[in-house]
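Next comes coords-v8.txt, with compact mmCIF, C-alpha atoms.
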```txt
# COMPACT_ATOMS: atom_id res chain seq x y z
CA MET G 20 18.19 14.94 -21.97
CA SER G 21 21.37 12.89 -21.89
CA GLU G 22 22.05 13.85 -18.27
CA HIS G 23 18.98 11.90 -17.12
CA HIS G 24 19.50 9.58 -14.24
CA ILE G 25 18.80 5.95 -15.09
CA THR G 26 17.98 3.99 -11.95
CA PRO G 27 19.42 0.45 -12.00
CA LEU G 28 16.84 -2.34 -12.41
CA ARG G 29 17.98 -3.90 -9.12
CA THR G 30 16.95 -0.76 -7.17
CA TYR G 31 13.38 -0.90 -8.52
CA LEU G 32 13.05 -4.60 -7.69
CA ILE G 33 14.38 -4.09 -4.14
CA ILE G 34 11.99 -1.17 -3.55
CA ALA G 35 8.97 -3.11 -4.86
CA ALA G 36 9.90 -6.13 -2.72
CA SER G 37 10.25 -3.87 0.35
CA LEU G 38 6.82 -2.31 -0.34
CA LEU G 39 5.19 -5.74 -0.60
CA PHE G 40 6.97 -6.92 2.55
CA LEU G 41 5.87 -3.82 4.52
CA SER G 42 2.27 -4.33 3.31
CA GLY G 43 2.40 -7.81 4.83
CA VAL G 44 3.90 -6.42 8.04
CA THR G 45 1.19 -3.78 8.43
CA VAL G 46 -1.60 -6.38 8.00
CA TRP G 47 0.14 -8.71 10.44
CA VAL G 48 0.58 -6.12 13.22
CA SER G 49 -3.04 -4.97 12.81
CA TYR G 50 -4.10 -8.33 14.29
CA ILE G 51 -2.03 -7.71 17.44
CA ASP G 52 -3.77 -5.56 20.04
CA LEU G 53 -1.44 -2.67 20.89
CA GLY G 54 -4.19 -0.29 21.99
CA SER G 55 -3.85 3.23 20.61
CA PHE G 56 -0.35 2.37 19.38
CA ASN G 57 -1.87 0.34 16.50
CA ILE G 58 -2.78 3.44 14.49
CA VAL G 59 0.61 5.06 15.22
CA LEU G 60 2.42 1.98 13.94
CA ALA G 61 0.14 1.67 10.88
CA MET G 62 0.77 5.32 9.91
CA LEU G 63 4.50 4.92 10.56
CA VAL G 64 4.71 1.93 8.19
CA ALA G 65 2.54 3.77 5.62
CA THR G 66 4.86 6.78 5.78
CA VAL G 67 7.95 4.60 5.27
CA LYS G 68 6.21 3.03 2.24
CA ALA G 69 5.14 6.44 0.89
CA SER G 70 8.72 7.72 1.27
CA LEU G 71 10.07 4.74 -0.70
CA VAL G 72 7.56 5.47 -3.49
CA ALA G 73 8.34 9.22 -3.52
CA PHE G 74 12.14 8.96 -3.32
CA PHE G 75 12.71 6.01 -5.66
CA PHE G 76 9.69 5.55 -7.98
CA MET G 77 9.00 9.31 -8.27
CA HIS G 78 12.78 9.98 -8.48
CA LEU G 79 12.74 12.62 -5.75
CA LEU G 80 16.08 11.29 -4.50
CA TRP G 81 17.82 12.23 -7.75
CA ASP G 82 15.93 15.48 -8.32
CA ASP G 83 16.92 19.02 -7.56
CA LYS G 84 17.29 19.36 -3.78
CA LYS G 85 15.29 22.59 -3.80
CA LYS G 86 12.24 20.71 -5.03
CA SER G 87 12.55 18.02 -2.36
CA TYR G 88 12.55 20.83 0.15
CA ASN G 89 9.33 22.31 -1.31
CA VAL G 90 7.61 18.93 -1.37
CA PHE G 91 8.61 18.44 2.25
CA ASN G 92 7.08 21.83 3.11
CA VAL G 93 3.75 20.99 1.47
CA PHE G 94 3.61 17.75 3.44
CA ASN G 95 4.26 19.84 6.54
CA VAL G 96 1.32 22.09 5.67
CA PHE G 97 -0.72 18.93 5.17
CA TRP G 98 0.05 17.50 8.61
CA ASN G 99 -0.35 20.86 10.35
CA LEU G 100 -3.75 21.25 8.72
CA CYS G 101 -4.77 17.80 9.95
CA TYR G 102 -3.48 18.49 13.44
CA TYR G 103 -5.06 21.95 13.69
CA HIS G 104 -8.51 20.68 12.67
CA TYR G 105 -8.20 17.62 14.82
CA VAL G 106 -7.52 19.72 17.93
CA ARG G 107 -10.14 22.30 16.99
CA TYR G 108 -12.96 19.83 16.45
CA SER G 109 -12.01 17.67 19.40
CA ILE G 110 -12.30 20.68 21.72
CA GLN G 111 -15.57 21.81 20.14
CA ARG G 112 -17.19 18.46 20.79
CA MET N 2 9.21 30.18 -35.69
CA GLY N 3 11.55 32.02 -38.02
CA HIS N 4 14.42 32.05 -35.54
CA HIS N 5 14.03 28.38 -34.73
CA ASN N 6 17.17 26.33 -35.06
CA PRO N 7 16.64 23.80 -37.88
CA ASP N 8 18.86 21.31 -36.03
CA SER N 9 16.60 21.23 -32.95
CA PRO N 10 14.60 18.01 -32.38
CA SER N 11 10.98 17.82 -33.58
CA HIS N 12 9.59 17.40 -30.04
CA LEU N 13 10.95 20.83 -29.03
CA LYS N 14 8.10 23.37 -28.91
CA HIS N 15 9.01 26.68 -30.57
CA TYR N 16 8.31 28.67 -27.38
CA PHE N 17 11.07 26.92 -25.42
CA HIS N 18 14.71 27.88 -25.62
CA ASP N 19 16.01 24.31 -25.56
CA VAL N 20 14.95 20.76 -24.68
CA ASN N 21 16.28 21.11 -21.16
CA GLN N 22 14.15 24.17 -20.44
CA GLN N 23 11.13 22.36 -21.91
CA TYR N 24 11.80 19.33 -19.72
CA GLU N 25 12.27 21.38 -16.53
CA THR N 26 9.03 23.28 -17.24
CA SER N 27 7.06 20.03 -17.66
CA LYS N 28 8.51 18.66 -14.46
CA PHE N 29 7.83 21.80 -12.45
CA ALA N 30 4.21 21.91 -13.65
CA MET N 31 3.70 18.23 -12.91
CA TRP N 32 4.97 18.59 -9.34
CA ALA N 33 2.81 21.68 -8.79
CA PHE N 34 -0.16 19.55 -9.86
CA ILE N 35 0.93 16.66 -7.60
CA LEU N 36 1.08 19.02 -4.61
CA THR N 37 -2.46 20.34 -5.28
CA GLU N 38 -3.58 16.71 -5.42
CA VAL N 39 -1.99 16.11 -2.03
CA LEU N 40 -3.82 19.13 -0.61
CA THR N 41 -7.14 17.95 -2.12
CA PHE N 42 -6.81 14.63 -0.35
CA ALA N 43 -5.61 16.46 2.79
CA GLY N 44 -9.12 17.92 3.23
CA LEU N 45 -10.58 14.43 3.09
CA PHE N 46 -8.01 13.09 5.54
CA VAL N 47 -9.00 15.90 7.92
CA ALA N 48 -12.67 14.84 7.58
CA TYR N 49 -11.60 11.28 8.39
CA ILE N 50 -9.61 12.37 11.47
CA VAL N 51 -12.39 14.62 12.81
CA TYR N 52 -15.19 12.05 12.40
CA ARG N 53 -13.05 9.27 13.73
CA SER N 54 -12.27 11.34 16.84
CA TRP N 55 -16.02 11.92 17.27
CA TYR N 56 -17.04 8.27 16.76
CA PRO N 57 -13.97 6.20 17.69
CA ASP N 58 -15.87 3.00 18.56
CA MET N 59 -18.17 3.14 15.53
CA PHE N 60 -15.17 3.50 13.16
CA VAL N 61 -13.48 0.45 14.64
CA ASP N 62 -16.64 -1.68 14.42
CA ALA N 63 -17.78 -0.41 11.00
CA HIS N 64 -14.39 -1.18 9.43
CA LYS N 65 -14.99 -4.88 10.19
CA LEU N 66 -17.67 -4.78 7.47
CA LEU N 67 -14.87 -4.25 4.89
CA ASP N 68 -13.02 -7.20 3.33
CA VAL N 69 -9.34 -7.07 4.39
CA ASN N 70 -8.35 -9.70 1.80
CA LYS N 71 -9.71 -7.63 -1.09
CA GLY N 72 -7.99 -4.54 0.33
CA LEU N 73 -4.66 -6.38 0.63
CA MET N 74 -5.03 -7.83 -2.87
CA ASN N 75 -5.57 -4.34 -4.25
CA THR N 76 -2.52 -3.09 -2.33
CA ILE N 77 -0.38 -5.82 -3.93
CA VAL N 78 -1.87 -5.13 -7.38
CA LEU N 79 -1.20 -1.39 -7.13
CA ILE N 80 2.39 -1.75 -5.84
CA THR N 81 3.12 -4.19 -8.68
CA SER N 82 1.63 -1.72 -11.17
CA SER N 83 3.92 0.98 -9.79
CA LEU N 84 6.87 -1.33 -10.45
CA THR N 85 5.78 -2.08 -14.03
CA MET N 86 5.28 1.67 -14.64
CA ALA N 87 8.82 2.38 -13.37
CA LEU N 88 10.13 -0.46 -15.57
CA ALA N 89 8.34 0.95 -18.64
CA ILE N 90 10.32 4.18 -18.14
CA TRP N 91 13.50 2.24 -17.47
CA ALA N 92 12.99 0.31 -20.73
CA ILE N 93 12.37 3.42 -22.84
CA GLN N 94 15.49 5.03 -21.30
CA LYS N 95 17.39 2.00 -22.63
CA ASN N 96 15.55 2.50 -25.98
CA ASN N 97 13.82 -0.89 -25.60
CA LYS N 98 10.49 0.02 -27.17
CA LYS N 99 9.06 -3.49 -27.09
CA LEU N 100 9.72 -4.03 -23.37
CA SER N 101 8.38 -0.56 -22.58
CA VAL N 102 5.09 -1.31 -24.34
CA VAL N 103 4.83 -4.69 -22.57
CA MET N 104 5.32 -2.99 -19.19
CA LEU N 105 2.75 -0.28 -20.01
CA VAL N 106 0.21 -2.94 -21.02
CA ALA N 107 0.94 -4.79 -17.75
CA THR N 108 0.36 -1.55 -15.80
CA PHE N 109 -2.93 -1.04 -17.63
CA ILE N 110 -4.05 -4.59 -16.82
CA PHE N 111 -3.14 -4.22 -13.12
CA ALA N 112 -5.16 -0.98 -13.01
CA LEU N 113 -8.08 -2.86 -14.55
CA VAL N 114 -7.74 -5.63 -11.93
CA PHE N 115 -7.71 -2.99 -9.18
CA LEU N 116 -10.97 -1.46 -10.44
CA GLY N 117 -12.44 -4.96 -10.90
CA ILE N 118 -11.80 -5.84 -7.24
CA LYS N 119 -13.14 -2.41 -6.23
CA TYR N 120 -16.26 -3.12 -8.30
CA LEU N 121 -16.82 -6.41 -6.42
CA GLU N 122 -16.51 -4.57 -3.11
CA TYR N 123 -18.80 -1.72 -4.12
CA SER N 124 -21.49 -3.96 -5.65
CA HIS N 125 -21.61 -6.02 -2.44
CA LYS N 126 -22.06 -2.84 -0.39
CA PHE N 127 -24.81 -1.60 -2.71
CA GLU N 128 -26.55 -4.97 -2.34
CA VAL N 129 -26.59 -4.98 1.47
CA GLY N 130 -27.08 -1.21 1.85
CA GLN N 131 -23.76 -0.25 3.45
CA LEU N 132 -23.96 3.15 1.80
CA PRO N 133 -23.31 6.83 2.57
CA GLY N 134 -25.74 9.12 4.40
CA GLU N 135 -29.45 8.57 3.93
CA PHE N 136 -28.85 5.66 1.52
CA TYR N 137 -27.54 3.51 4.36
CA SER N 138 -29.96 0.67 5.10
CA TYR N 139 -27.83 -2.21 6.40
CA MET N 140 -29.37 -3.75 9.56
CA GLY N 141 -27.24 -6.90 9.99
CA PRO N 142 -26.53 -8.26 13.49
CA ASP N 143 -22.91 -7.04 13.29
CA ALA N 144 -24.12 -3.47 12.75
CA ALA N 145 -27.14 -3.27 15.08
CA HIS N 146 -25.21 -1.56 17.88
CA LEU N 147 -23.34 0.91 15.64
CA ASN N 148 -23.73 4.63 16.23
CA ASN N 149 -24.20 6.36 12.84
CA PRO N 150 -22.27 3.88 10.64
CA HIS N 151 -23.45 5.77 7.53
CA ILE N 152 -20.78 8.39 8.37
CA PHE N 153 -18.02 5.79 8.04
CA PHE N 154 -19.39 4.72 4.66
CA SER N 155 -19.76 8.33 3.48
CA ILE N 156 -16.05 8.90 4.07
CA TYR N 157 -15.15 5.45 2.72
CA PHE N 158 -17.02 5.99 -0.55
CA ILE N 159 -15.82 9.57 -1.07
CA MET N 160 -12.13 8.76 -0.46
CA THR N 161 -11.95 5.41 -2.26
CA GLY N 162 -14.26 6.80 -4.99
CA LEU N 163 -12.04 9.81 -5.68
CA HIS N 164 -9.02 7.50 -5.62
CA GLY N 165 -10.79 5.10 -8.02
CA LEU N 166 -11.48 8.02 -10.35
CA HIS N 167 -7.74 8.72 -10.36
CA VAL N 168 -7.08 5.07 -11.29
CA ALA N 169 -9.58 5.34 -14.17
CA ILE N 170 -8.03 8.58 -15.45
CA GLY N 171 -4.58 6.98 -15.09
CA MET N 172 -5.75 4.08 -17.28
CA GLY N 173 -6.76 6.52 -20.02
CA LEU N 174 -3.34 8.20 -19.83
CA ILE N 175 -1.51 4.85 -19.87
CA ALA N 176 -3.56 3.74 -22.89
CA TRP N 177 -2.39 6.90 -24.68
CA LEU N 178 1.22 6.11 -23.67
CA ILE N 179 0.90 2.60 -25.14
CA TYR N 180 -0.30 4.11 -28.43
CA SER N 181 2.41 6.81 -28.50
CA THR N 182 5.24 4.43 -27.63
CA GLN N 183 4.08 1.81 -30.11
CA LYS N 184 3.88 4.49 -32.80
CA GLY N 185 7.45 5.54 -32.03
CA ASN N 186 6.63 9.03 -30.76
CA LEU N 187 8.37 8.30 -27.45
CA THR N 188 12.00 7.21 -27.52
CA SER N 189 15.08 7.33 -25.27
CA GLU N 190 15.59 10.87 -26.68
CA TYR N 191 12.16 12.09 -25.61
CA TYR N 192 9.89 10.32 -23.12
CA THR N 193 8.78 13.26 -20.90
CA PRO N 194 5.04 12.35 -21.12
CA MET N 195 5.79 8.83 -19.85
CA GLU N 196 7.87 10.21 -16.98
CA MET N 197 5.14 12.71 -15.97
CA ILE N 198 2.30 10.17 -16.17
CA GLY N 199 4.56 7.83 -14.19
CA ILE N 200 4.77 10.42 -11.40
CA PHE N 201 0.96 10.67 -11.44
CA TRP N 202 0.61 6.89 -11.32
CA HIS N 203 2.98 6.60 -8.34
CA LEU N 204 0.91 9.25 -6.53
CA VAL N 205 -2.18 7.05 -7.03
CA ASP N 206 -0.21 4.22 -5.40
CA LEU N 207 0.99 6.53 -2.61
CA ILE N 208 -2.56 7.62 -1.69
CA TRP N 209 -3.76 4.02 -1.56
CA ILE N 210 -0.85 3.21 0.79
CA TYR N 211 -2.59 5.49 3.34
CA LEU N 212 -6.20 4.54 2.48
CA PHE N 213 -5.58 0.82 2.98
CA PRO N 214 -4.59 0.92 6.71
CA LEU N 215 -7.00 3.79 7.51
CA PHE N 216 -10.07 1.89 6.26
CA TYR N 217 -9.23 -1.81 6.35
CA LEU N 218 -6.82 -2.23 9.26
CA ILE N 219 -8.03 0.05 12.06
CA GLY N 220 -8.70 -1.04 15.61
```

Show me this structure written as structure tokens.
Amino acid sequence: MSEHHITPLRTYLIIAASLLFLSGVTVWVSYIDLGSFNIVLAMLVATVKASLVAFFFMHLLWDDKKKSYNVFNVFNVFWNLCYYHYVRYSIQR
Amino acid sequence: MGHHNPDSPSHLKHYFHDVNQQYETSKFAMWAFILTEVLTFAGLFVAYIVYRSWYPDMFVDAHKLLDVNKGLMNTIVLITSSLTMALAIWAIQKNNKKLSVVMLVATFIFALVFLGIKYLEYSHKFEVGQLPGEFYSYMGPDAAHLNNPHIFFSIYFIMTGLHGLHVAIGMGLIAWLIYSTQKGNLTSEYYTPMEMIGIFWHLVDLIWIYLFPLFYLIG
């Protein structure tokens, strides 16, 4: 296991600080009325945060590229599922 | 085990060719599990999207019954616990057993704080009757005009409840890591269990990153 990647301490601290900062940002913008754009912005910030967690804390950035590709595909299935059901049930109503 | 190399490390199971194959197998299985977890929560996110599209105004008004400060506090607590988990792995990679144990204990305590804050939120909701389905009984002035608010609380309790269960399970796993590290079973040579449980713990953080804005910050 000697070929393991050891992430520098500084990287972890910067990522954690960014996550805390973005949490503050998302609360702050939720108090500004942007109409339907509020939810878009909230999900955008959440996705940036989730990507930071996945790539740095979960080490996806340093993992086999093939796996990153598979993870990306499952997230695609996830969003397509959401979108499909959203459209389906919206029409049904 | 007759053909087993006597020089191979004690953590190598006899059915693996070498430590690298064992490690890759663990990692593959863990990620397969993580992806099924994502798909489990996907179903619940779909339920959220569908019901929110049916009752857009009720969702916006019902979310005001949640405490944003407690939600934000839990977000900060969980992000910090993700950092301490990552640092526990970093420390064991550097063979610093003492620091690793300290970081694991910190992660455990943050998880406990998270569930403590969640308990305060839940107990308040049980008191006033902001509950799922037929158990809903809240009739406060800020809810009088709401159209089926029990649906919002059904989804709120199912999603945060399943997430809370993951936090509780994570605490059990972290407690076991503290024991194993303290005992010297995990070292810079072999810390796969800590790495895998770390991935699980970061997933718990990742799910909360979506739950927080979807329930506490909408409208």

Using only C-alpha atoms, pick whichever of N:Met31, N:Val39, N:Lys14, N:Trp202 has the shortest atom-to-atom distance to Trp98 in chain G.
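Selected residue with least distance to Trp98 in chain G: N:Val39.
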
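One distance worth recording is that between CA of Thr37 in chain N and CA of Ile175 in chain N, which is 21.3 Å.
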
Could the residues of chain N within 7 Å of chain G, counting all atoms listed in the file, be given as JSON, numbers by chain, please?
{"N": [21, 36, 40, 43, 47, 50, 51, 54, 77, 80, 84, 87, 91, 190, 200, 203, 207, 210, 211, 214, 218, 219]}

Work out how far CA of Thr41 in chain N is from CA of Leu212 in chain N, in Å to one decimal.
14.2 Å

Could you check which of N:Met160, N:Trp177, N:Val205, N:Asn186 is closest to Phe42 in chain N, using only C-alpha atoms?
N:Met160

If you measure from CA of Leu79 in chain G to CA of Gly199 in chain N, what distance in Å do you get, rounded to one decimal?
12.7 Å

Counting all atoms listed in the file, the option among N:Val114, N:Val129, N:Leu100, N:Leu88 closest to Ala144 in chain N
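Closest residue, counting all atoms listed in the file: N:Val129.
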
Find the residue from N:Ala112, N:Val69, N:Met195, N:Ile35 that sits nearest to Ile93 in chain N; use all atoms listed in the file when measuring.
N:Met195

Any chance you could model N, CA and C atoms for range 155-187 of chain N and send them as a PDB file, keeping the file's coordinate frame?
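This is the output file part-v2.pdb:
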```
ATOM      1  N   SER N 155     -19.868   7.085   4.262  1.00  0.00           N
ATOM      2  CA  SER N 155     -19.760   8.330   3.480  1.00  0.00           C
ATOM      3  C   SER N 155     -18.303   8.612   3.182  1.00  0.00           C
ATOM      4  N   ILE N 156     -17.475   8.579   4.238  1.00  0.00           N
ATOM      5  CA  ILE N 156     -16.050   8.900   4.070  1.00  0.00           C
ATOM      6  C   ILE N 156     -15.356   7.820   3.244  1.00  0.00           C
ATOM      7  N   TYR N 157     -15.730   6.555   3.482  1.00  0.00           N
ATOM      8  CA  TYR N 157     -15.150   5.450   2.720  1.00  0.00           C
ATOM      9  C   TYR N 157     -15.412   5.606   1.228  1.00  0.00           C
ATOM     10  N   PHE N 158     -16.670   5.899   0.871  1.00  0.00           N
ATOM     11  CA  PHE N 158     -17.020   5.990  -0.550  1.00  0.00           C
ATOM     12  C   PHE N 158     -16.409   7.238  -1.205  1.00  0.00           C
ATOM     13  N   ILE N 159     -16.376   8.351  -0.474  1.00  0.00           N
ATOM     14  CA  ILE N 159     -15.820   9.570  -1.070  1.00  0.00           C
ATOM     15  C   ILE N 159     -14.313   9.386  -1.317  1.00  0.00           C
ATOM     16  N   MET N 160     -13.592   8.867  -0.311  1.00  0.00           N
ATOM     17  CA  MET N 160     -12.130   8.760  -0.460  1.00  0.00           C
ATOM     18  C   MET N 160     -11.730   7.683  -1.438  1.00  0.00           C
ATOM     19  N   THR N 161     -12.327   6.472  -1.320  1.00  0.00           N
ATOM     20  CA  THR N 161     -11.950   5.410  -2.260  1.00  0.00           C
ATOM     21  C   THR N 161     -12.514   5.716  -3.651  1.00  0.00           C
ATOM     22  N   GLY N 162     -13.673   6.425  -3.701  1.00  0.00           N
ATOM     23  CA  GLY N 162     -14.260   6.800  -4.990  1.00  0.00           C
ATOM     24  C   GLY N 162     -13.389   7.797  -5.736  1.00  0.00           C
ATOM     25  N   LEU N 163     -12.913   8.824  -5.034  1.00  0.00           N
ATOM     26  CA  LEU N 163     -12.040   9.810  -5.680  1.00  0.00           C
ATOM     27  C   LEU N 163     -10.721   9.148  -6.099  1.00  0.00           C
ATOM     28  N   HIS N 164     -10.229   8.233  -5.251  1.00  0.00           N
ATOM     29  CA  HIS N 164      -9.020   7.500  -5.620  1.00  0.00           C
ATOM     30  C   HIS N 164      -9.268   6.626  -6.854  1.00  0.00           C
ATOM     31  N   GLY N 165     -10.436   5.948  -6.872  1.00  0.00           N
ATOM     32  CA  GLY N 165     -10.790   5.100  -8.020  1.00  0.00           C
ATOM     33  C   GLY N 165     -10.891   5.903  -9.305  1.00  0.00           C
ATOM     34  N   LEU N 166     -11.410   7.126  -9.184  1.00  0.00           N
ATOM     35  CA  LEU N 166     -11.480   8.020 -10.350  1.00  0.00           C
ATOM     36  C   LEU N 166     -10.082   8.307 -10.885  1.00  0.00           C
ATOM     37  N   HIS N 167      -9.130   8.488  -9.958  1.00  0.00           N
ATOM     38  CA  HIS N 167      -7.740   8.720 -10.360  1.00  0.00           C
ATOM     39  C   HIS N 167      -7.175   7.495 -11.094  1.00  0.00           C
ATOM     40  N   VAL N 168      -7.539   6.297 -10.620  1.00  0.00           N
ATOM     41  CA  VAL N 168      -7.080   5.070 -11.290  1.00  0.00           C
ATOM     42  C   VAL N 168      -7.642   5.034 -12.716  1.00  0.00           C
ATOM     43  N   ALA N 169      -8.940   5.368 -12.849  1.00  0.00           N
ATOM     44  CA  ALA N 169      -9.580   5.340 -14.170  1.00  0.00           C
ATOM     45  C   ALA N 169      -8.933   6.350 -15.116  1.00  0.00           C
ATOM     46  N   ILE N 170      -8.688   7.563 -14.622  1.00  0.00           N
ATOM     47  CA  ILE N 170      -8.030   8.580 -15.450  1.00  0.00           C
ATOM     48  C   ILE N 170      -6.616   8.111 -15.821  1.00  0.00           C
ATOM     49  N   GLY N 171      -5.915   7.524 -14.845  1.00  0.00           N
ATOM     50  CA  GLY N 171      -4.580   6.980 -15.090  1.00  0.00           C
ATOM     51  C   GLY N 171      -4.596   5.942 -16.204  1.00  0.00           C
ATOM     52  N   MET N 172      -5.646   5.105 -16.234  1.00  0.00           N
ATOM     53  CA  MET N 172      -5.750   4.080 -17.280  1.00  0.00           C
ATOM     54  C   MET N 172      -5.859   4.722 -18.663  1.00  0.00           C
ATOM     55  N   GLY N 173      -6.637   5.798 -18.742  1.00  0.00           N
ATOM     56  CA  GLY N 173      -6.760   6.520 -20.020  1.00  0.00           C
ATOM     57  C   GLY N 173      -5.407   7.060 -20.462  1.00  0.00           C
ATOM     58  N   LEU N 174      -4.656   7.641 -19.513  1.00  0.00           N
ATOM     59  CA  LEU N 174      -3.340   8.200 -19.830  1.00  0.00           C
ATOM     60  C   LEU N 174      -2.369   7.103 -20.248  1.00  0.00           C
ATOM     61  N   ILE N 175      -2.419   5.955 -19.551  1.00  0.00           N
ATOM     62  CA  ILE N 175      -1.510   4.850 -19.870  1.00  0.00           C
ATOM     63  C   ILE N 175      -1.846   4.288 -21.255  1.00  0.00           C
ATOM     64  N   ALA N 176      -3.146   4.214 -21.563  1.00  0.00           N
ATOM     65  CA  ALA N 176      -3.560   3.740 -22.890  1.00  0.00           C
ATOM     66  C   ALA N 176      -2.961   4.642 -23.979  1.00  0.00           C
ATOM     67  N   TRP N 177      -2.982   5.954 -23.719  1.00  0.00           N
ATOM     68  CA  TRP N 177      -2.390   6.900 -24.680  1.00  0.00           C
ATOM     69  C   TRP N 177      -0.880   6.692 -24.785  1.00  0.00           C
ATOM     70  N   LEU N 178      -0.222   6.386 -23.656  1.00  0.00           N
ATOM     71  CA  LEU N 178       1.220   6.110 -23.670  1.00  0.00           C
ATOM     72  C   LEU N 178       1.535   4.873 -24.508  1.00  0.00           C
ATOM     73  N   ILE N 179       0.696   3.828 -24.362  1.00  0.00           N
ATOM     74  CA  ILE N 179       0.900   2.600 -25.140  1.00  0.00           C
ATOM     75  C   ILE N 179       0.871   2.930 -26.630  1.00  0.00           C
ATOM     76  N   TYR N 180      -0.153   3.703 -27.017  1.00  0.00           N
ATOM     77  CA  TYR N 180      -0.300   4.110 -28.430  1.00  0.00           C
ATOM     78  C   TYR N 180       0.921   4.910 -28.888  1.00  0.00           C
ATOM     79  N   SER N 181       1.314   5.933 -28.088  1.00  0.00           N
ATOM     80  CA  SER N 181       2.410   6.810 -28.500  1.00  0.00           C
ATOM     81  C   SER N 181       3.744   6.080 -28.584  1.00  0.00           C
ATOM     82  N   THR N 182       3.980   5.167 -27.638  1.00  0.00           N
ATOM     83  CA  THR N 182       5.240   4.430 -27.630  1.00  0.00           C
ATOM     84  C   THR N 182       5.298   3.469 -28.805  1.00  0.00           C
ATOM     85  N   GLN N 183       4.162   2.769 -29.014  1.00  0.00           N
ATOM     86  CA  GLN N 183       4.080   1.810 -30.110  1.00  0.00           C
ATOM     87  C   GLN N 183       4.320   2.513 -31.449  1.00  0.00           C
ATOM     88  N   LYS N 184       3.764   3.718 -31.563  1.00  0.00           N
ATOM     89  CA  LYS N 184       3.880   4.490 -32.800  1.00  0.00           C
ATOM     90  C   LYS N 184       5.281   5.057 -33.015  1.00  0.00           C
ATOM     91  N   GLY N 185       6.089   5.050 -31.917  1.00  0.00           N
ATOM     92  CA  GLY N 185       7.450   5.540 -32.030  1.00  0.00           C
ATOM     93  C   GLY N 185       7.607   7.012 -31.697  1.00  0.00           C
ATOM     94  N   ASN N 186       6.540   7.624 -31.139  1.00  0.00           N
ATOM     95  CA  ASN N 186       6.630   9.030 -30.760  1.00  0.00           C
ATOM     96  C   ASN N 186       7.468   9.240 -29.499  1.00  0.00           C
ATOM     97  N   LEU N 187       7.557   8.211 -28.669  1.00  0.00           N
ATOM     98  CA  LEU N 187       8.370   8.300 -27.450  1.00  0.00           C
ATOM     99  C   LEU N 187       9.580   7.387 -27.608  1.00  0.00           C
TER     100      LEU N 187
END
```
